[in-house]
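J.: Here it is, the structure in full.
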Amino acid sequence: MSTSQALSVTSLKGEVTALVVDDDKVSQVIHHHLLNILGIENHVVGNGKEAVEIHLSGKKFNLILMDRDMPVMNGIEATKKLRDMGIRSTIAGVSSHSVSQERQAFIEAGLDDYHEKPLSVAKLLSVVSKIMHKA
C-alpha cells in the first residue's frame, strides 16, 4: 500500500460503511476481515434478500460487496432490486465466475465494479478509491 493510499484509507475510517452479501462463510470472513483492515465498518448478510431487507429497514451503506451466486435471491436479482429501490451505493460484484456472459449479465444488473474472488486489499482499495472520487 502506498503512502497516499494509506492516508486516503485513514481518512475513510468512520466515513465509509460496507455491506458484505455472500452465502459462503469463508468469503464472508475474508471480506469482513479485509474491510476491517481498511478501517471500514461493515455488516455481513447471507443472501440478496437479506441485503434488500436491511436496506428496507433504513440502513445505508457506501459500499456493497455482492456475490453473484447465492440461494434465496442471487446477486443479479438483488442488485436490480436495490437499484429499483433507488439505492445509489457503490455495488461491487464479487464472483468466482469469469465467464464473460455471466459477468456481463451481472454488470448490466447495475454494478459499479466487478472483481473476481478472492478479494485482496489492493482490489478493495480500487473500489474504495472510486467511492472517494464520488464524494
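Letters A, B, ... mark the chains of the C-alpha cells in the order given; residue numbers begin at 1 per chain; ligand numbers begin at 1, in order shown.
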Can you list, as a PyMOL selection string, all residues belonging to chain A that DSSP tags as strand (DSSP E)?
T.: chain A and resi 17-21+41-45+63-67+90-95+113-116
J.: Quick one: contact table of segment 15-34 of chain A to segment 54-57 of chain A, 12 Å max, nearest atom pair and distance in Å to one decimal per residue, counting only C-alpha atoms, chain and number order, as CSV?
T.:
```
residue,atom,partner,partner_atom,distance
A:Leu19,CA,A:Ile54,CA,9.5
A:Val20,CA,A:Ile54,CA,11.5
A:Val21,CA,A:Ile54,CA,10.9
```
J.: Would you export the selected residues with C-alpha atoms as an mmCIF file, in the first residue's frame, please?
T.:
```cif
data_model
loop_
_atom_site.group_PDB
_atom_site.id
_atom_site.type_symbol
_atom_site.label_atom_id
_atom_site.label_comp_id
_atom_site.auth_asym_id
_atom_site.auth_seq_id
_atom_site.Cartn_x
_atom_site.Cartn_y
_atom_site.Cartn_z
ATOM 1 C CA LEU A 19 -22.334 -4.469 3.365
ATOM 2 C CA VAL A 20 -20.940 -7.902 2.511
ATOM 3 C CA VAL A 21 -23.529 -10.053 0.709
#
```
J.: So, counting only C-alpha atoms, which residue among A:Tyr114, A:Glu41, A:Val128, A:Val72 is closest to Ser100 of chain A?
T.: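 Closest to Ser100 of chain A of all the choices is A:Tyr114.
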J.: Within 9 Å of segment 23-27 of chain A, counting only C-alpha atoms, which residues qualify if same-chain residues fewer than 3 places away don't, as a list of chain:residue names?
T.: A:Ile30, A:His31, A:His32, A:Val45, A:Gly46, A:Asn47, A:Asp67, A:Asp69, A:Met70, A:Pro71, A:Lys117, A:Pro118, A:Leu119
J.: Write out, as a compact mmCIF listing (two decimals), in the first residue's frame, the residues just selected, with C-alpha atoms.
T.:
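And here's part-v3.txt as it stands now:
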```txt
# COMPACT_ATOMS: atom_id res chain seq x y z
CA ILE A 30 -12.29 -12.86 4.41
CA HIS A 31 -14.25 -9.85 3.14
CA HIS A 32 -15.17 -8.76 6.67
CA VAL A 45 -25.61 -10.92 5.27
CA GLY A 46 -26.02 -14.32 3.61
CA ASN A 47 -28.10 -13.63 0.50
CA ASP A 67 -21.68 -12.20 -4.55
CA ASP A 69 -24.42 -16.99 -6.84
CA MET A 70 -26.48 -17.22 -3.65
CA PRO A 71 -29.64 -19.05 -2.55
CA LYS A 117 -12.65 -13.82 -5.95
CA PRO A 118 -10.57 -13.82 -3.92
CA LEU A 119 -10.67 -10.16 -2.98
```
J.: Compare A:Gly86, A:Gly93, A:Gly110, A:Phe61 by their minimum atom-to-atom distance to Leu124 of chain A, counting only C-alpha atoms, and give me the closest one.
T.: A:Gly93
J.: Under the rule that only C-alpha atoms are counted, which of A:Gln28, A:Asn74, A:Thr90, A:Thr17 is the nearest residue to Asn42 of chain A?
T.: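 Ranked by minimum distance to Asn42 of chain A, first place goes to A:Thr17.
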J.: As a count of residues only, please: all residues of segment 95-125 of chain A that backbone DSSP puts in helix (DSSP H, G or I).
T.: 14
J.: Can you tell me, as a count of residues only, what residues are no more than 12 Å from Leu82 of chain A when counting only C-alpha atoms, ignoring any on the same chain fewer than 2 positions away?
T.: 31
